[in-house]
file model_1.txt (compact mmCIF, C-alpha atoms)
# COMPACT_ATOMS: atom_id res chain seq x y z
CA MET A 267 111.64 94.81 120.23
CA SER A 268 111.98 98.52 119.50
CA LYS A 269 110.05 100.06 116.63
CA LEU A 270 113.28 100.75 114.77
CA LYS A 271 114.44 97.13 115.06
CA LYS A 272 111.02 95.91 113.96
CA LEU A 273 111.14 98.27 110.98
CA GLY A 274 114.56 96.92 110.00
CA ALA A 275 113.41 93.33 110.37
CA LEU A 276 110.31 93.92 108.23
CA ASN A 277 112.37 95.65 105.55
CA ARG A 278 114.97 92.84 105.48
CA GLU A 279 112.29 90.13 105.41
CA GLY A 280 110.52 91.92 102.59
CA MET A 281 113.65 92.09 100.48
CA ARG A 282 114.51 88.47 101.31
CA ALA A 283 111.05 87.45 100.07
CA CYS A 284 111.62 89.47 96.90
CA ASN A 285 114.98 87.80 96.32
CA ASP A 286 113.32 84.41 96.87
CA GLY A 287 110.78 85.16 94.13
CA ARG A 288 107.85 85.92 96.43
CA PRO A 289 106.79 89.46 95.49
CA GLY A 290 103.42 89.23 97.23
CA ASP A 291 105.06 88.33 100.54
CA ALA A 292 107.67 91.04 99.94
CA LEU A 293 105.03 93.72 99.46
CA PHE A 294 103.15 92.54 102.54
CA GLN A 295 106.27 92.90 104.72
CA LEU A 296 107.29 96.20 103.12
CA THR A 297 103.78 97.66 103.50
CA GLN A 298 103.97 96.90 107.21
CA ALA A 299 107.42 98.51 107.37
CA ASP A 300 106.10 101.57 105.54
CA SER A 301 103.21 101.96 108.00
CA LEU A 302 105.63 101.68 110.90
CA ALA A 303 108.02 104.26 109.39
CA ARG A 304 105.12 106.67 108.88
CA SER A 305 103.91 106.15 112.46
CA MET A 306 107.45 106.99 113.64
CA ASN A 307 107.44 110.16 111.50
CA SER A 308 110.71 109.00 109.94
CA PRO A 309 110.87 110.27 106.35
CA LEU A 310 114.28 108.74 105.59
CA HIS A 311 113.19 105.30 106.77
CA GLU A 312 109.97 105.68 104.80
CA ALA A 313 112.00 106.67 101.73
CA LYS A 314 114.16 103.56 102.02
CA VAL A 315 111.15 101.26 102.43
CA ARG A 316 109.26 102.96 99.57
CA ASN A 317 112.32 102.58 97.33
CA ASN A 318 112.35 98.86 98.14
CA MET A 319 108.62 98.60 97.43
CA ALA A 320 109.22 100.25 94.07
CA LEU A 321 111.96 97.74 93.27
CA VAL A 322 109.57 94.87 94.01
CA TYR A 323 106.92 96.44 91.77
CA GLN A 324 109.51 96.93 89.03
CA ILE A 325 110.67 93.31 89.22
CA SER A 326 107.01 92.26 89.03
CA GLY A 327 106.48 94.33 85.87
CA LYS A 328 104.16 96.79 87.63
CA TYR A 329 105.87 99.88 86.24
CA GLU A 330 103.23 102.46 87.13
CA GLU A 331 103.13 101.33 90.76
CA ALA A 332 106.94 101.36 90.79
CA ARG A 333 107.06 104.89 89.37
CA ILE A 334 104.62 106.16 91.99
CA SER A 335 106.55 104.51 94.81
CA PHE A 336 109.89 105.88 93.56
CA ARG A 337 108.41 109.39 93.41
CA ILE A 338 107.00 109.11 96.95
CA ALA A 339 110.37 107.76 98.12
CA ALA A 340 112.21 110.65 96.47
CA GLY A 341 109.96 113.21 98.13
CA ARG A 342 110.38 111.64 101.54
CA ALA A 343 114.17 111.46 101.06
CA VAL A 344 114.30 115.18 100.30
CA GLU A 345 112.07 115.93 103.27
CA GLY A 346 114.28 113.90 105.59
CA GLY A 347 117.75 114.74 104.29
CA GLY A 348 117.59 117.53 101.76
CA GLU A 349 117.81 117.51 97.98
CA GLY A 350 120.66 115.45 96.57
CA ASN A 351 121.39 113.37 99.68
CA VAL A 352 122.78 109.90 99.04
CA LEU A 353 119.43 108.12 99.40
CA HIS A 354 117.72 110.66 97.14
CA ARG A 355 120.37 110.14 94.45
CA VAL A 356 119.95 106.35 94.63
CA ILE A 357 116.18 106.66 94.31
CA MET A 358 116.48 109.01 91.33
CA ARG A 359 118.88 106.58 89.61
CA ASN A 360 116.39 103.80 90.22
CA LEU A 361 113.62 105.95 88.72
CA ASP A 362 115.79 106.67 85.66
CA THR A 363 116.43 102.93 85.27
CA LEU A 364 112.71 102.23 85.49
CA THR A 365 111.98 104.89 82.87
CA ALA A 366 114.51 103.37 80.47
CA LEU A 367 113.19 99.86 81.12
CA ALA A 368 109.59 100.91 80.55
CA LYS A 369 110.54 102.65 77.29
CA GLY A 370 112.40 99.55 76.15
CA ARG A 371 109.36 97.38 76.81
CA ALA A 372 107.10 99.78 74.92
CA ALA A 373 109.33 99.71 71.82

call {"tool": "encode", "arguments": {"input": "model_1.txt", "output": "structure tokens"}}
result
Amino acid sequence: MSKLKKLGALNREGMRACNDGRPGDALFQLTQADSLARSMNSPLHEAKVRNNMALVYQISGKYEEARISFRIAAGRAVEGGGEGNVLHRVIMRNLDTLTALAKGRAA
């Protein structure tokens, strides 16, 4: 299996685990995908995986970890595709949603 196919499989399995209510398994799969994306020097793939990791953290109520992952994802998206690319805009929307959610929980 090529590295790119393995990366895709790990990312999909991670999100499937998240959707099945298994955040620990999701983060395990996504951490492996992130390491693979970094070893491939693929900032856009890393951005996508980091965004998914942030979503898992957010769902788990780990808002600080989610914020950090969204920020890393945003930086990698800009590095790979320039400021304001589609993936970067999605990540920034997700970060805005997290910020609003965290403020709502603090109130």

call {"tool": "closest_residue", "arguments": {"input": "model_1.txt", "among": "A:Arg316, A:Ile334, A:Gly348, A:Tyr329", "to": "A:Ala366", "atoms": "all atoms listed in the file"}}
result
A:Tyr329

call {"tool": "atom_distance", "arguments": {"input": "model_1.txt", "atom1": "atom CA of A:Val356", "atom2": "atom CA of A:Ser335"}}
result
13.5 Å

call {"tool": "closest_residue", "arguments": {"input": "model_1.txt", "among": "A:Thr363, A:Asn277, A:Gln298, A:Asn285", "to": "A:Val315", "atoms": "all atoms listed in the file"}}
result
A:Asn277

call {"tool": "residues_near_point", "arguments": {"input": "model_1.txt", "point": "(108.0, 105.2, 88.9)", "cutoff": "7 Å", "atoms": "all atoms listed in the file", "output": "VMD selection string"}}
result
chain A and resid 329 to 337 361 364

call {"tool": "closest_residue", "arguments": {"input": "model_1.txt", "among": "A:Ser308, A:Ser268, A:Ser301, A:Gln324", "to": "A:Cys284", "atoms": "all atoms listed in the file"}}
result
A:Gln324

call {"tool": "residues_around", "arguments": {"input": "model_1.txt", "residues": "A:Leu310", "least_positions_apart": "2", "cutoff": "6 Å", "atoms": "all atoms listed in the file", "output": "PyMOL selection string"}}
result
chain A and resi 308+312-313+343+346

call {"tool": "atom_distance", "arguments": {"input": "model_1.txt", "atom1": "atom CA of A:Arg288", "atom2": "atom CA of A:Asn318"}}
result
13.8 Å

call {"tool": "residues_around", "arguments": {"input": "model_1.txt", "residues": "A:Val344", "least_positions_apart": "6", "cutoff": "8 Å", "atoms": "all atoms listed in the file", "output": "list in words"}}
result
Gly350, Asn351 and His354 of chain A

call {"tool": "closest_residue", "arguments": {"input": "model_1.txt", "among": "A:Gln295, A:Asn360, A:Asn307, A:Asn317", "to": "A:Gly274", "atoms": "all atoms listed in the file"}}
result
A:Gln295

call {"tool": "closest_residue", "arguments": {"input": "model_1.txt", "among": "A:Lys269, A:Ala339, A:Glu279, A:Met319", "to": "A:Thr297", "atoms": "all atoms listed in the file"}}
result
A:Met319

call {"tool": "axis_aligned_box", "arguments": {"input": "model_1.txt", "around": "stretch 272-291 of chain A", "padding_each_side": "4 Å", "output": "AutoDock Vina command-line options"}}
result
--center_x 109.2 --center_y 91.3 --center_z 104.0 --size_x 19.6 --size_y 21.9 --size_z 27.8

call {"tool": "atom_distance", "arguments": {"input": "model_1.txt", "atom1": "atom CA of A:Gly287", "atom2": "atom CA of A:Leu302"}}
result
24.1 Å

call {"tool": "closest_residue", "arguments": {"input": "model_1.txt", "among": "A:Arg282, A:Lys314, A:Lys272, A:Arg371", "to": "A:Arg355", "atoms": "only C-alpha atoms"}}
result
A:Lys314

call {"tool": "residues_around", "arguments": {"input": "model_1.txt", "residues": "A:Lys271", "least_positions_apart": "5", "cutoff": "12 Å", "atoms": "all atoms listed in the file", "output": "PyMOL selection string"}}
result
chain A and resi 276-278+299+302-303+311

call {"tool": "decode", "arguments": {"input": "model_1.txt", "residues": "stretch 317-343 of chain A", "atoms": "N, CA and C atoms", "output": "PDB file, in the first residue's frame"}}
result
ATOM      1  N   ASN A 317      -6.778  19.092  11.462  1.00  0.00           N
ATOM      2  CA  ASN A 317      -8.138  19.605  11.605  1.00  0.00           C
ATOM      3  C   ASN A 317      -9.035  18.509  12.191  1.00  0.00           C
ATOM      4  N   ASN A 318      -8.900  17.292  11.678  1.00  0.00           N
ATOM      5  CA  ASN A 318      -9.711  16.189  12.200  1.00  0.00           C
ATOM      6  C   ASN A 318      -9.366  15.872  13.652  1.00  0.00           C
ATOM      7  N   MET A 319      -8.085  15.932  13.990  1.00  0.00           N
ATOM      8  CA  MET A 319      -7.692  15.726  15.390  1.00  0.00           C
ATOM      9  C   MET A 319      -8.352  16.780  16.275  1.00  0.00           C
ATOM     10  N   ALA A 320      -8.345  18.024  15.813  1.00  0.00           N
ATOM     11  CA  ALA A 320      -8.959  19.109  16.580  1.00  0.00           C
ATOM     12  C   ALA A 320     -10.448  18.866  16.776  1.00  0.00           C
ATOM     13  N   LEU A 321     -11.108  18.356  15.749  1.00  0.00           N
ATOM     14  CA  LEU A 321     -12.546  18.065  15.883  1.00  0.00           C
ATOM     15  C   LEU A 321     -12.791  16.991  16.934  1.00  0.00           C
ATOM     16  N   VAL A 322     -11.929  15.982  16.971  1.00  0.00           N
ATOM     17  CA  VAL A 322     -12.062  14.929  17.993  1.00  0.00           C
ATOM     18  C   VAL A 322     -11.842  15.525  19.383  1.00  0.00           C
ATOM     19  N   TYR A 323     -10.824  16.351  19.532  1.00  0.00           N
ATOM     20  CA  TYR A 323     -10.597  17.010  20.822  1.00  0.00           C
ATOM     21  C   TYR A 323     -11.810  17.855  21.211  1.00  0.00           C
ATOM     22  N   GLN A 324     -12.342  18.587  20.265  1.00  0.00           N
ATOM     23  CA  GLN A 324     -13.499  19.444  20.549  1.00  0.00           C
ATOM     24  C   GLN A 324     -14.685  18.619  21.020  1.00  0.00           C
ATOM     25  N   ILE A 325     -14.982  17.549  20.321  1.00  0.00           N
ATOM     26  CA  ILE A 325     -16.098  16.673  20.693  1.00  0.00           C
ATOM     27  C   ILE A 325     -15.886  16.091  22.091  1.00  0.00           C
ATOM     28  N   SER A 326     -14.618  15.870  22.435  1.00  0.00           N
ATOM     29  CA  SER A 326     -14.275  15.298  23.747  1.00  0.00           C
ATOM     30  C   SER A 326     -14.239  16.348  24.847  1.00  0.00           C
ATOM     31  N   GLY A 327     -14.476  17.618  24.501  1.00  0.00           N
ATOM     32  CA  GLY A 327     -14.454  18.690  25.491  1.00  0.00           C
ATOM     33  C   GLY A 327     -13.064  19.175  25.839  1.00  0.00           C
ATOM     34  N   LYS A 328     -12.059  18.780  25.067  1.00  0.00           N
ATOM     35  CA  LYS A 328     -10.677  19.204  25.303  1.00  0.00           C
ATOM     36  C   LYS A 328     -10.395  20.414  24.416  1.00  0.00           C
ATOM     37  N   TYR A 329     -10.918  21.572  24.861  1.00  0.00           N
ATOM     38  CA  TYR A 329     -10.920  22.763  24.022  1.00  0.00           C
ATOM     39  C   TYR A 329      -9.534  23.343  23.790  1.00  0.00           C
ATOM     40  N   GLU A 330      -8.660  23.286  24.767  1.00  0.00           N
ATOM     41  CA  GLU A 330      -7.313  23.834  24.572  1.00  0.00           C
ATOM     42  C   GLU A 330      -6.539  22.996  23.551  1.00  0.00           C
ATOM     43  N   GLU A 331      -6.626  21.678  23.667  1.00  0.00           N
ATOM     44  CA  GLU A 331      -5.974  20.805  22.694  1.00  0.00           C
ATOM     45  C   GLU A 331      -6.549  21.034  21.296  1.00  0.00           C
ATOM     46  N   ALA A 332      -7.872  21.224  21.231  1.00  0.00           N
ATOM     47  CA  ALA A 332      -8.517  21.491  19.942  1.00  0.00           C
ATOM     48  C   ALA A 332      -8.007  22.803  19.358  1.00  0.00           C
ATOM     49  N   ARG A 333      -7.928  23.832  20.173  1.00  0.00           N
ATOM     50  CA  ARG A 333      -7.463  25.138  19.690  1.00  0.00           C
ATOM     51  C   ARG A 333      -6.045  25.037  19.134  1.00  0.00           C
ATOM     52  N   ILE A 334      -5.178  24.352  19.854  1.00  0.00           N
ATOM     53  CA  ILE A 334      -3.798  24.187  19.407  1.00  0.00           C
ATOM     54  C   ILE A 334      -3.752  23.434  18.074  1.00  0.00           C
ATOM     55  N   SER A 335      -4.514  22.366  17.976  1.00  0.00           N
ATOM     56  CA  SER A 335      -4.522  21.579  16.735  1.00  0.00           C
ATOM     57  C   SER A 335      -5.090  22.370  15.565  1.00  0.00           C
ATOM     58  N   PHE A 336      -6.157  23.157  15.805  1.00  0.00           N
ATOM     59  CA  PHE A 336      -6.694  23.990  14.725  1.00  0.00           C
ATOM     60  C   PHE A 336      -5.651  25.005  14.261  1.00  0.00           C
ATOM     61  N   ARG A 337      -4.925  25.590  15.197  1.00  0.00           N
ATOM     62  CA  ARG A 337      -3.918  26.593  14.824  1.00  0.00           C
ATOM     63  C   ARG A 337      -2.764  25.955  14.028  1.00  0.00           C
ATOM     64  N   ILE A 338      -2.335  24.779  14.446  1.00  0.00           N
ATOM     65  CA  ILE A 338      -1.300  24.069  13.684  1.00  0.00           C
ATOM     66  C   ILE A 338      -1.832  23.746  12.292  1.00  0.00           C
ATOM     67  N   ALA A 339      -3.065  23.256  12.228  1.00  0.00           N
ATOM     68  CA  ALA A 339      -3.682  22.916  10.938  1.00  0.00           C
ATOM     69  C   ALA A 339      -3.751  24.136  10.034  1.00  0.00           C
ATOM     70  N   ALA A 340      -4.142  25.272  10.588  1.00  0.00           N
ATOM     71  CA  ALA A 340      -4.251  26.495   9.791  1.00  0.00           C
ATOM     72  C   ALA A 340      -2.891  26.898   9.232  1.00  0.00           C
ATOM     73  N   GLY A 341      -1.865  26.820  10.048  1.00  0.00           N
ATOM     74  CA  GLY A 341      -0.520  27.165   9.589  1.00  0.00           C
ATOM     75  C   GLY A 341      -0.035  26.250   8.477  1.00  0.00           C
ATOM     76  N   ARG A 342      -0.293  24.974   8.630  1.00  0.00           N
ATOM     77  CA  ARG A 342       0.123  24.012   7.611  1.00  0.00           C
ATOM     78  C   ARG A 342      -0.683  24.204   6.323  1.00  0.00           C
ATOM     79  N   ALA A 343      -1.956  24.568   6.444  1.00  0.00           N
ATOM     80  CA  ALA A 343      -2.779  24.811   5.258  1.00  0.00           C
ATOM     81  C   ALA A 343      -2.255  26.008   4.475  1.00  0.00           C
TER      82      ALA A 343
END
